[in-house]
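upload-v3.csv follows (CSV, C-alpha atoms (C1' of nucleotides)):
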chain,number,residue,atom,x,y,z
A,1,MET,CA,-1.6,6.6,25.3
A,2,GLU,CA,0.9,9.0,26.6
A,3,ARG,CA,0.3,12.7,26.2
A,4,ASP,CA,3.2,14.0,24.2
A,5,ALA,CA,3.9,15.6,20.9
A,6,ALA,CA,4.5,12.3,19.1
A,7,GLU,CA,0.8,11.6,19.3
A,8,LEU,CA,-0.1,14.7,17.4
A,9,VAL,CA,2.7,14.2,14.9
A,10,GLN,CA,1.4,10.7,14.2
A,11,ALA,CA,-2.2,11.9,13.7
A,12,ILE,CA,-1.0,14.8,11.5
A,13,GLY,CA,1.1,12.4,9.4
A,14,LEU,CA,-1.8,10.1,8.8
A,15,LEU,CA,-4.1,12.9,7.8
A,16,LEU,CA,-1.5,14.4,5.6
A,17,ARG,CA,-0.9,11.3,3.7
A,18,ARG,CA,-4.6,10.7,3.3
A,19,ILE,CA,-5.0,14.2,1.9
A,20,ARG,CA,-2.1,13.6,-0.4
A,21,ALA,CA,-3.6,10.3,-1.7
A,22,ALA,CA,-6.9,12.2,-2.4
A,23,ALA,CA,-5.0,14.8,-4.2
A,24,ALA,CA,-3.5,12.2,-6.5
A,25,SER,CA,-7.0,11.1,-7.5
A,26,HIS,CA,-8.2,14.4,-9.0
A,27,GLU,CA,-8.6,16.5,-5.8
A,28,LEU,CA,-6.4,19.4,-5.0
A,29,SER,CA,-3.1,19.5,-3.0
A,30,LEU,CA,-3.1,20.9,0.5
A,31,THR,CA,-1.8,24.3,-0.6
A,32,GLU,CA,-4.0,24.6,-3.7
A,33,TYR,CA,-7.0,23.8,-1.5
A,34,ALA,CA,-5.9,26.5,1.1
A,35,VAL,CA,-5.3,29.1,-1.6
A,36,LEU,CA,-8.7,28.5,-3.2
A,37,SER,CA,-10.5,29.0,0.1
A,38,ARG,CA,-8.5,32.0,1.0
A,39,LEU,CA,-9.3,33.7,-2.3
A,40,ASP,CA,-12.9,32.9,-1.7
A,41,LYS,CA,-12.9,34.5,1.8
A,42,GLN,CA,-10.6,37.4,1.2
A,43,GLY,CA,-11.0,38.3,-2.5
A,44,PRO,CA,-8.1,38.8,-4.9
A,45,LEU,CA,-4.6,38.7,-3.5
A,46,THR,CA,-1.1,38.9,-4.9
A,47,ALA,CA,1.2,35.8,-4.9
A,48,ALA,CA,3.4,37.4,-2.2
A,49,ASP,CA,0.3,37.9,0.0
A,50,LEU,CA,-0.6,34.3,-0.5
A,51,ALA,CA,2.9,33.1,0.2
A,52,ARG,CA,3.0,35.0,3.5
A,53,ALA,CA,-0.5,33.7,4.5
A,54,GLU,CA,0.3,30.1,3.8
A,55,GLY,CA,3.8,30.1,5.2
A,56,VAL,CA,5.6,29.2,1.9
A,57,ARG,CA,8.2,31.0,-0.1
A,58,PRO,CA,7.1,33.3,-2.9
A,59,GLN,CA,8.7,31.0,-5.5
A,60,SER,CA,6.7,28.0,-4.2
A,61,MET,CA,3.5,30.0,-4.3
A,62,GLY,CA,4.3,30.9,-7.8
A,63,THR,CA,4.3,27.3,-8.7
A,64,THR,CA,1.0,26.7,-6.9
A,65,VAL,CA,-0.7,29.6,-8.5
A,66,ALA,CA,0.5,28.5,-11.9
A,67,ALA,CA,-1.0,25.0,-11.4
A,68,LEU,CA,-4.3,26.6,-10.4
A,69,GLU,CA,-4.2,28.8,-13.4
A,70,GLU,CA,-3.5,25.8,-15.6
A,71,MET,CA,-6.7,24.3,-14.2
A,72,ARG,CA,-8.6,27.5,-14.9
A,73,LEU,CA,-9.5,27.9,-11.3
A,74,VAL,CA,-7.8,31.2,-10.8
A,75,GLU,CA,-6.7,34.0,-13.2
A,76,ARG,CA,-4.1,36.8,-12.9
A,77,ALA,CA,-4.6,40.4,-13.7
A,78,PRO,CA,-2.1,43.2,-13.6
A,79,HIS,CA,-2.3,45.4,-10.5
A,80,ALA,CA,-3.9,48.8,-11.1
A,81,THR,CA,-1.0,51.0,-10.0
A,82,ASP,CA,1.9,48.7,-9.2
A,83,GLY,CA,3.3,47.2,-12.3
A,84,ARG,CA,5.2,44.5,-10.5
A,85,GLN,CA,2.2,43.0,-8.8
A,86,MET,CA,-0.3,40.5,-10.3
A,87,ASN,CA,-3.7,40.2,-8.7
A,88,ILE,CA,-4.9,36.6,-8.4
A,89,ALA,CA,-8.6,36.0,-8.3
A,90,LEU,CA,-11.0,33.0,-8.5
A,91,THR,CA,-12.5,32.3,-11.9
A,92,ALA,CA,-16.2,31.3,-12.1
A,93,LYS,CA,-15.0,27.7,-12.3
A,94,GLY,CA,-12.8,28.1,-9.3
A,95,LEU,CA,-15.6,29.7,-7.3
A,96,SER,CA,-18.0,26.9,-8.2
A,97,LEU,CA,-15.4,24.2,-7.3
A,98,ARG,CA,-14.9,26.0,-3.9
A,99,ARG,CA,-18.7,26.1,-3.3
A,100,ALA,CA,-18.9,22.4,-4.2
A,101,MET,CA,-16.1,21.6,-1.7
A,102,LYS,CA,-17.8,23.4,1.1
A,103,SER,CA,-21.1,21.6,0.5
A,104,ALA,CA,-19.4,18.5,1.8
A,105,LYS,CA,-20.1,16.5,-1.3
A,106,HIS,CA,-16.9,16.9,-3.1
A,107,THR,CA,-13.9,15.9,-0.9
A,108,TRP,CA,-13.5,12.9,1.3
A,109,LEU,CA,-12.4,15.2,4.1
A,110,ALA,CA,-15.6,17.3,4.0
A,111,GLN,CA,-17.5,14.0,3.8
A,112,ALA,CA,-15.7,12.5,6.8
A,113,LEU,CA,-16.1,15.7,8.8
A,114,ALA,CA,-19.9,15.6,8.1
A,115,GLN,CA,-20.1,12.2,9.7
A,116,LEU,CA,-18.7,13.4,13.0
A,117,GLY,CA,-20.8,14.6,15.9
A,118,ARG,CA,-21.2,18.3,16.6
A,119,LYS,CA,-19.0,18.1,19.6
A,120,GLU,CA,-16.2,16.4,17.8
A,121,GLN,CA,-16.4,18.9,15.0
A,122,GLU,CA,-16.1,21.8,17.5
A,123,THR,CA,-13.0,20.1,19.0
A,124,LEU,CA,-11.4,19.9,15.6
A,125,PHE,CA,-12.1,23.5,14.7
A,126,ALA,CA,-10.8,24.7,18.0
A,127,ALA,CA,-7.7,22.6,17.5
A,128,GLY,CA,-7.3,24.0,14.1
A,129,GLU,CA,-7.0,27.5,15.5
A,130,ILE,CA,-4.5,26.4,18.1
A,131,ILE,CA,-2.5,24.5,15.5
A,132,ALA,CA,-2.3,27.6,13.3
A,133,ARG,CA,-1.0,29.6,16.2
A,134,LEU,CA,1.4,26.9,17.2
A,135,ALA,CA,2.8,26.7,13.7
A,136,ARG,CA,3.7,30.4,13.9
A,137,MET,CA,5.6,30.1,17.2
B,1,MET,CA,-14.1,32.4,9.9
B,2,GLU,CA,-16.3,29.8,8.4
B,3,ARG,CA,-16.5,26.3,9.7
B,4,ASP,CA,-15.4,24.1,6.9
B,5,ALA,CA,-12.7,21.7,6.1
B,6,ALA,CA,-10.5,24.3,4.5
B,7,GLU,CA,-9.8,25.8,7.9
B,8,LEU,CA,-8.3,22.5,9.1
B,9,VAL,CA,-6.4,22.0,5.9
B,10,GLN,CA,-4.8,25.4,6.2
B,11,ALA,CA,-3.8,24.7,9.8
B,12,ILE,CA,-2.4,21.3,9.0
B,13,GLY,CA,-0.5,22.8,6.1
B,14,LEU,CA,1.1,25.4,8.3
B,15,LEU,CA,2.1,22.9,10.9
B,16,LEU,CA,3.4,20.5,8.3
B,17,ARG,CA,5.7,23.0,6.7
B,18,ARG,CA,6.9,24.1,10.1
B,19,ILE,CA,7.8,20.5,11.1
B,20,ARG,CA,9.5,20.1,7.7
B,21,ALA,CA,11.6,23.2,8.3
B,22,ALA,CA,12.6,21.8,11.7
B,23,ALA,CA,13.5,18.5,10.2
B,24,ALA,CA,15.8,20.3,7.8
B,25,SER,CA,17.7,21.7,10.8
B,26,HIS,CA,18.7,18.4,12.4
B,27,GLU,CA,15.4,17.3,13.8
B,28,LEU,CA,13.5,14.2,12.5
B,29,SER,CA,11.0,14.1,9.8
B,30,LEU,CA,7.3,13.4,10.6
B,31,THR,CA,7.5,9.7,9.8
B,32,GLU,CA,10.9,9.2,11.5
B,33,TYR,CA,9.5,10.9,14.6
B,34,ALA,CA,6.4,8.7,14.6
B,35,VAL,CA,8.3,5.5,14.1
B,36,LEU,CA,10.7,6.3,17.0
B,37,SER,CA,7.8,6.9,19.3
B,38,ARG,CA,5.9,3.8,18.2
B,39,LEU,CA,8.9,1.6,18.7
B,40,ASP,CA,9.3,3.1,22.2
B,41,LYS,CA,5.6,2.4,23.1
B,42,GLN,CA,5.2,-1.0,21.4
B,43,GLY,CA,8.6,-2.5,21.3
B,44,PRO,CA,10.3,-4.1,18.3
B,45,LEU,CA,8.2,-4.3,15.1
B,46,THR,CA,8.8,-5.3,11.5
B,47,ALA,CA,8.9,-2.8,8.7
B,48,ALA,CA,5.6,-4.1,7.4
B,49,ASP,CA,4.0,-3.6,10.8
B,50,LEU,CA,5.3,0.0,10.8
B,51,ALA,CA,4.2,0.7,7.3
B,52,ARG,CA,0.6,-0.4,8.1
B,53,ALA,CA,0.6,1.6,11.4
B,54,GLU,CA,1.8,4.8,9.8
B,55,GLY,CA,-0.2,4.5,6.6
B,56,VAL,CA,2.7,4.4,4.2
B,57,ARG,CA,3.8,1.7,1.7
B,58,PRO,CA,6.3,-0.9,2.8
B,59,GLN,CA,8.9,0.4,0.3
B,60,SER,CA,8.6,3.9,1.8
B,61,MET,CA,8.9,2.6,5.3
B,62,GLY,CA,12.1,0.7,4.2
B,63,THR,CA,13.6,4.1,3.3
B,64,THR,CA,12.6,5.6,6.6
B,65,VAL,CA,14.0,2.7,8.6
B,66,ALA,CA,17.2,2.8,6.6
B,67,ALA,CA,17.5,6.5,7.5
B,68,LEU,CA,17.0,5.9,11.2
B,69,GLU,CA,19.5,3.0,11.0
B,70,GLU,CA,22.0,5.3,9.4
B,71,MET,CA,21.6,7.6,12.3
B,72,ARG,CA,22.1,4.7,14.7
B,73,LEU,CA,18.7,5.3,16.3
B,74,VAL,CA,17.3,1.8,15.4
B,75,GLU,CA,18.8,-1.5,14.6
B,76,ARG,CA,17.5,-4.5,12.7
B,77,ALA,CA,17.8,-8.1,13.8
B,78,PRO,CA,16.6,-11.2,12.0
B,79,HIS,CA,13.2,-12.6,13.1
B,80,ALA,CA,13.5,-15.7,15.3
B,81,THR,CA,11.4,-18.0,13.1
B,82,ASP,CA,10.5,-16.2,9.9
B,83,GLY,CA,13.5,-15.7,7.7
B,84,ARG,CA,11.8,-13.0,5.7
B,85,GLN,CA,11.2,-10.6,8.5
B,86,MET,CA,13.5,-8.2,10.2
B,87,ASN,CA,12.8,-6.9,13.7
B,88,ILE,CA,13.4,-3.3,14.1
B,89,ALA,CA,14.2,-2.0,17.6
B,90,LEU,CA,15.4,1.2,19.2
B,91,THR,CA,19.1,1.4,20.0
B,92,ALA,CA,20.2,2.9,23.3
B,93,LYS,CA,20.9,6.1,21.3
B,94,GLY,CA,17.4,6.0,19.8
B,95,LEU,CA,15.8,5.5,23.2
B,96,SER,CA,17.7,8.3,24.8
B,97,LEU,CA,16.7,10.7,21.9
B,98,ARG,CA,13.1,9.6,22.3
B,99,ARG,CA,13.2,10.4,26.0
B,100,ALA,CA,14.8,13.7,25.4
B,101,MET,CA,12.0,14.6,22.9
B,102,LYS,CA,9.4,13.7,25.4
B,103,SER,CA,10.9,15.9,28.0
B,104,ALA,CA,9.9,18.9,26.0
B,105,LYS,CA,13.4,20.2,25.7
B,106,HIS,CA,14.4,18.8,22.4
B,107,THR,CA,11.9,19.7,19.6
B,108,TRP,CA,10.3,23.0,18.8
B,109,LEU,CA,6.9,21.3,18.8
B,110,ALA,CA,7.3,20.0,22.3
B,111,GLN,CA,8.5,23.4,23.4
B,112,ALA,CA,5.6,25.1,21.8
B,113,LEU,CA,3.1,22.6,23.3
B,114,ALA,CA,4.6,23.2,26.7
B,115,GLN,CA,3.7,26.9,26.4
B,116,LEU,CA,0.0,26.3,25.9
B,117,GLY,CA,-2.5,26.2,28.7
B,118,ARG,CA,-3.7,22.9,30.0
B,119,LYS,CA,-7.1,23.3,28.4
B,120,GLU,CA,-5.6,24.0,25.0
B,121,GLN,CA,-3.3,21.0,25.3
B,122,GLU,CA,-6.3,18.9,26.1
B,123,THR,CA,-8.2,20.2,23.0
B,124,LEU,CA,-5.2,19.3,20.9
B,125,PHE,CA,-4.8,15.8,22.2
B,126,ALA,CA,-8.6,15.2,21.8
B,127,ALA,CA,-8.3,16.5,18.3
B,128,GLY,CA,-5.4,14.2,17.6
B,129,GLU,CA,-7.5,11.2,18.4
B,130,ILE,CA,-10.3,12.4,16.2
B,131,ILE,CA,-7.9,13.2,13.3
B,132,ALA,CA,-6.3,9.7,13.5
B,133,ARG,CA,-9.8,8.2,13.2
B,134,LEU,CA,-10.7,10.6,10.4
B,135,ALA,CA,-7.6,9.7,8.4
B,136,ARG,CA,-8.7,6.1,8.4
B,137,MET,CA,-12.2,6.7,7.1
C,1,DT,C1',0.5,-18.4,-4.2
C,2,DA,C1',1.2,-14.8,-0.6
C,3,DT,C1',4.3,-12.1,2.2
C,4,DT,C1',8.7,-9.6,3.5
C,5,DG,C1',11.9,-6.9,2.1
C,6,DT,C1',15.1,-4.6,-1.6
C,7,DT,C1',16.3,-1.9,-5.6
C,8,DA,C1',15.3,1.3,-9.3
C,9,DT,C1',12.8,5.0,-10.8
C,10,DA,C1',9.5,8.8,-10.9
C,11,DC,C1',6.4,12.3,-9.0
C,12,DT,C1',4.9,16.1,-5.8
C,13,DC,C1',5.9,19.8,-3.0
C,14,DT,C1',8.8,23.1,-1.4
C,15,DA,C1',13.4,25.1,-0.9
C,16,DT,C1',17.6,28.1,-2.4
C,17,DA,C1',19.9,30.8,-5.8
C,18,DA,C1',20.1,34.0,-9.5
C,19,DC,C1',17.8,37.0,-12.4
C,20,DT,C1',14.6,40.9,-14.4
C,21,DA,C1',11.4,44.6,-13.9
C,22,DT,C1',9.3,48.0,-11.2
C,23,DA,C1',9.0,51.1,-7.1
D,1,DT,C1',17.8,49.7,-2.3
D,2,DA,C1',13.7,47.0,-1.7
D,3,DT,C1',9.9,44.4,-3.5
D,4,DA,C1',7.2,41.3,-7.0
D,5,DG,C1',7.7,37.9,-9.8
D,6,DT,C1',10.2,34.3,-12.9
D,7,DT,C1',13.3,30.6,-14.0
D,8,DA,C1',16.6,26.9,-12.9
D,9,DT,C1',17.9,23.5,-9.9
D,10,DA,C1',18.0,20.6,-5.8
D,11,DG,C1',16.2,18.0,-1.9
D,12,DA,C1',12.8,15.4,1.0
D,13,DG,C1',9.2,12.3,1.2
D,14,DT,C1',6.5,8.9,-0.8
D,15,DA,C1',4.7,6.4,-4.7
D,16,DT,C1',4.7,2.5,-8.4
D,17,DA,C1',7.0,-1.4,-10.5
D,18,DA,C1',9.9,-5.3,-10.7
D,19,DC,C1',12.4,-8.6,-8.3
D,20,DA,C1',14.4,-12.2,-4.8
D,21,DA,C1',13.9,-14.9,-0.8
D,22,DT,C1',11.0,-17.3,2.3
D,23,DA,C1',6.6,-19.1,4.0

Using structure tokens, write down the structure from this file.
Amino acid sequence: MERDAAELVQAIGLLLRRIRAAAASHELSLTEYAVLSRLDKQGPLTAADLARAEGVRPQSMGTTVAALEEMRLVERAPHATDGRQMNIALTAKGLSLRRAMKSAKHTWLAQALAQLGRKEQETLFAAGEIIARLARM
Amino acid sequence: MERDAAELVQAIGLLLRRIRAAAASHELSLTEYAVLSRLDKQGPLTAADLARAEGVRPQSMGTTVAALEEMRLVERAPHATDGRQMNIALTAKGLSLRRAMKSAKHTWLAQALAQLGRKEQETLFAAGEIIARLARM
DNA sequence: TATTGTTATACTCTATAACTATA
DNA sequence: TATAGTTATAGAGTATAACAATA
């Protein structure tokens, strides 16, 4: 196979649609998944913070947060000093879902990853970092 | 950063939205891009073939092919023996666009890739193969 | 009866635009 | 004036369902 961008695009497309299909059957969408894990790692954040981190518009993040709130996975609390801001934090339910996802039992992606060899996993995580950098170029 | 699936999902999400933004400004969508490169590598295919290869439904591929046809990048011709099938092939314009994309001058992704070191590129392509396999698990 | 393709319709995700409230 | 958030609306991409033509 030739070494050009199309190869990556094809792979990304396949994975994307696979994730989307999983989301349709009770799992979370890509952005919801990312927000949940970010809140777990970094603690409470505002919607604007999340939008910047995930590369979406604030309005779009508003929709995502509202969906997570509807599922009782996150909750919003007024900011201590700035009346405009709302702090978004994981609920107990959200935290426990996040833990379950990490333990490789909950999502097909985590399961699939667990079946790879250590070397392949390392390649993927290294690529993840490069891709994140690439996406910001 | 922790080594779990969320990291990959975040990176994929960032790249996806970046590609989508590029598509909005005259470049091709993910699937259109993938179809163009597949036709270049494998020669004329039917819509059903393409749908299977890219992991989308035949109806969705029909829409994609129609969009490419509208842009005069592909053309359809009746199958020699099977009256149901339509062979989809690159036009001269489609082929020349595909060549331009490969030469790293045309899309932001190809440009961004070209700026990476050889080792990073190799990591990405290796990951691409793993991801494609993962997506079919 | 199975397969290829088309048409109609709906859903998800994200975008842009316009607005309110607070800083 | 700038920032955080909300609401309304639109677009892209893909899905499901129903159908026609051909094998």

Next on the checklist: Quick check: residues of chain D within 12 Å of chain B, only C-alpha atoms (C1' of nucleotides), returned as a ChimeraX atom specification.
Outcome noted: /D:11-17,20-23

Checklist entry - To one decimal place, how far is atom CA of Gly55 of chain B from atom CA of Met71 of chain A in Å? => result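 Computed distance, atom CA of Gly55 of chain B to atom CA of Met71 of chain A, equals 29.4 Å.
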
Checklist entry - What are the residues of chain B that have an atom within 7 Å of an atom of chain A, counting only C-alpha atoms, as a PyMOL selection string? => result chain B and resi 4-11+13-15+18+30-31+33-34+37+54-55+102+109-110+112+123-125+127-128+131-132+134-135+137

Same residues, C-alpha atoms, output as a JSON list (two decimals), keeping the file's coordinate frame:
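Result written to again_13.json:
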[["chain", "number", "residue", "atom", "x", "y", "z"],
["B", 4, "ASP", "CA", -15.40, 24.10, 6.90],
["B", 5, "ALA", "CA", -12.70, 21.70, 6.10],
["B", 6, "ALA", "CA", -10.50, 24.30, 4.50],
["B", 7, "GLU", "CA", -9.80, 25.80, 7.90],
["B", 8, "LEU", "CA", -8.30, 22.50, 9.10],
["B", 9, "VAL", "CA", -6.40, 22.00, 5.90],
["B", 10, "GLN", "CA", -4.80, 25.40, 6.20],
["B", 11, "ALA", "CA", -3.80, 24.70, 9.80],
["B", 13, "GLY", "CA", -0.50, 22.80, 6.10],
["B", 14, "LEU", "CA", 1.10, 25.40, 8.30],
["B", 15, "LEU", "CA", 2.10, 22.90, 10.90],
["B", 18, "ARG", "CA", 6.90, 24.10, 10.10],
["B", 30, "LEU", "CA", 7.30, 13.40, 10.60],
["B", 31, "THR", "CA", 7.50, 9.70, 9.80],
["B", 33, "TYR", "CA", 9.50, 10.90, 14.60],
["B", 34, "ALA", "CA", 6.40, 8.70, 14.60],
["B", 37, "SER", "CA", 7.80, 6.90, 19.30],
["B", 54, "GLU", "CA", 1.80, 4.80, 9.80],
["B", 55, "GLY", "CA", -0.20, 4.50, 6.60],
["B", 102, "LYS", "CA", 9.40, 13.70, 25.40],
["B", 109, "LEU", "CA", 6.90, 21.30, 18.80],
["B", 110, "ALA", "CA", 7.30, 20.00, 22.30],
["B", 112, "ALA", "CA", 5.60, 25.10, 21.80],
["B", 123, "THR", "CA", -8.20, 20.20, 23.00],
["B", 124, "LEU", "CA", -5.20, 19.30, 20.90],
["B", 125, "PHE", "CA", -4.80, 15.80, 22.20],
["B", 127, "ALA", "CA", -8.30, 16.50, 18.30],
["B", 128, "GLY", "CA", -5.40, 14.20, 17.60],
["B", 131, "ILE", "CA", -7.90, 13.20, 13.30],
["B", 132, "ALA", "CA", -6.30, 9.70, 13.50],
["B", 134, "LEU", "CA", -10.70, 10.60, 10.40],
["B", 135, "ALA", "CA", -7.60, 9.70, 8.40],
["B", 137, "MET", "CA", -12.20, 6.70, 7.10]]

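Of note, atom CA of Glu70 of chain A and atom CA of Leu90 of chain A are spaced 12.6 Å apart.
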
Next on the checklist: Based on all atoms listed in the file, which of the residues in chain C come within 12 Å of chain B? I want them as number ranges by chain.
Outcome noted: C: 3-8, 13-15

Next on the checklist: Report, in Å with one decimal, the straight-line distance from atom CA of Thr81 of chain A to atom C1' of DC19 of chain C.
Outcome noted: 23.6 Å
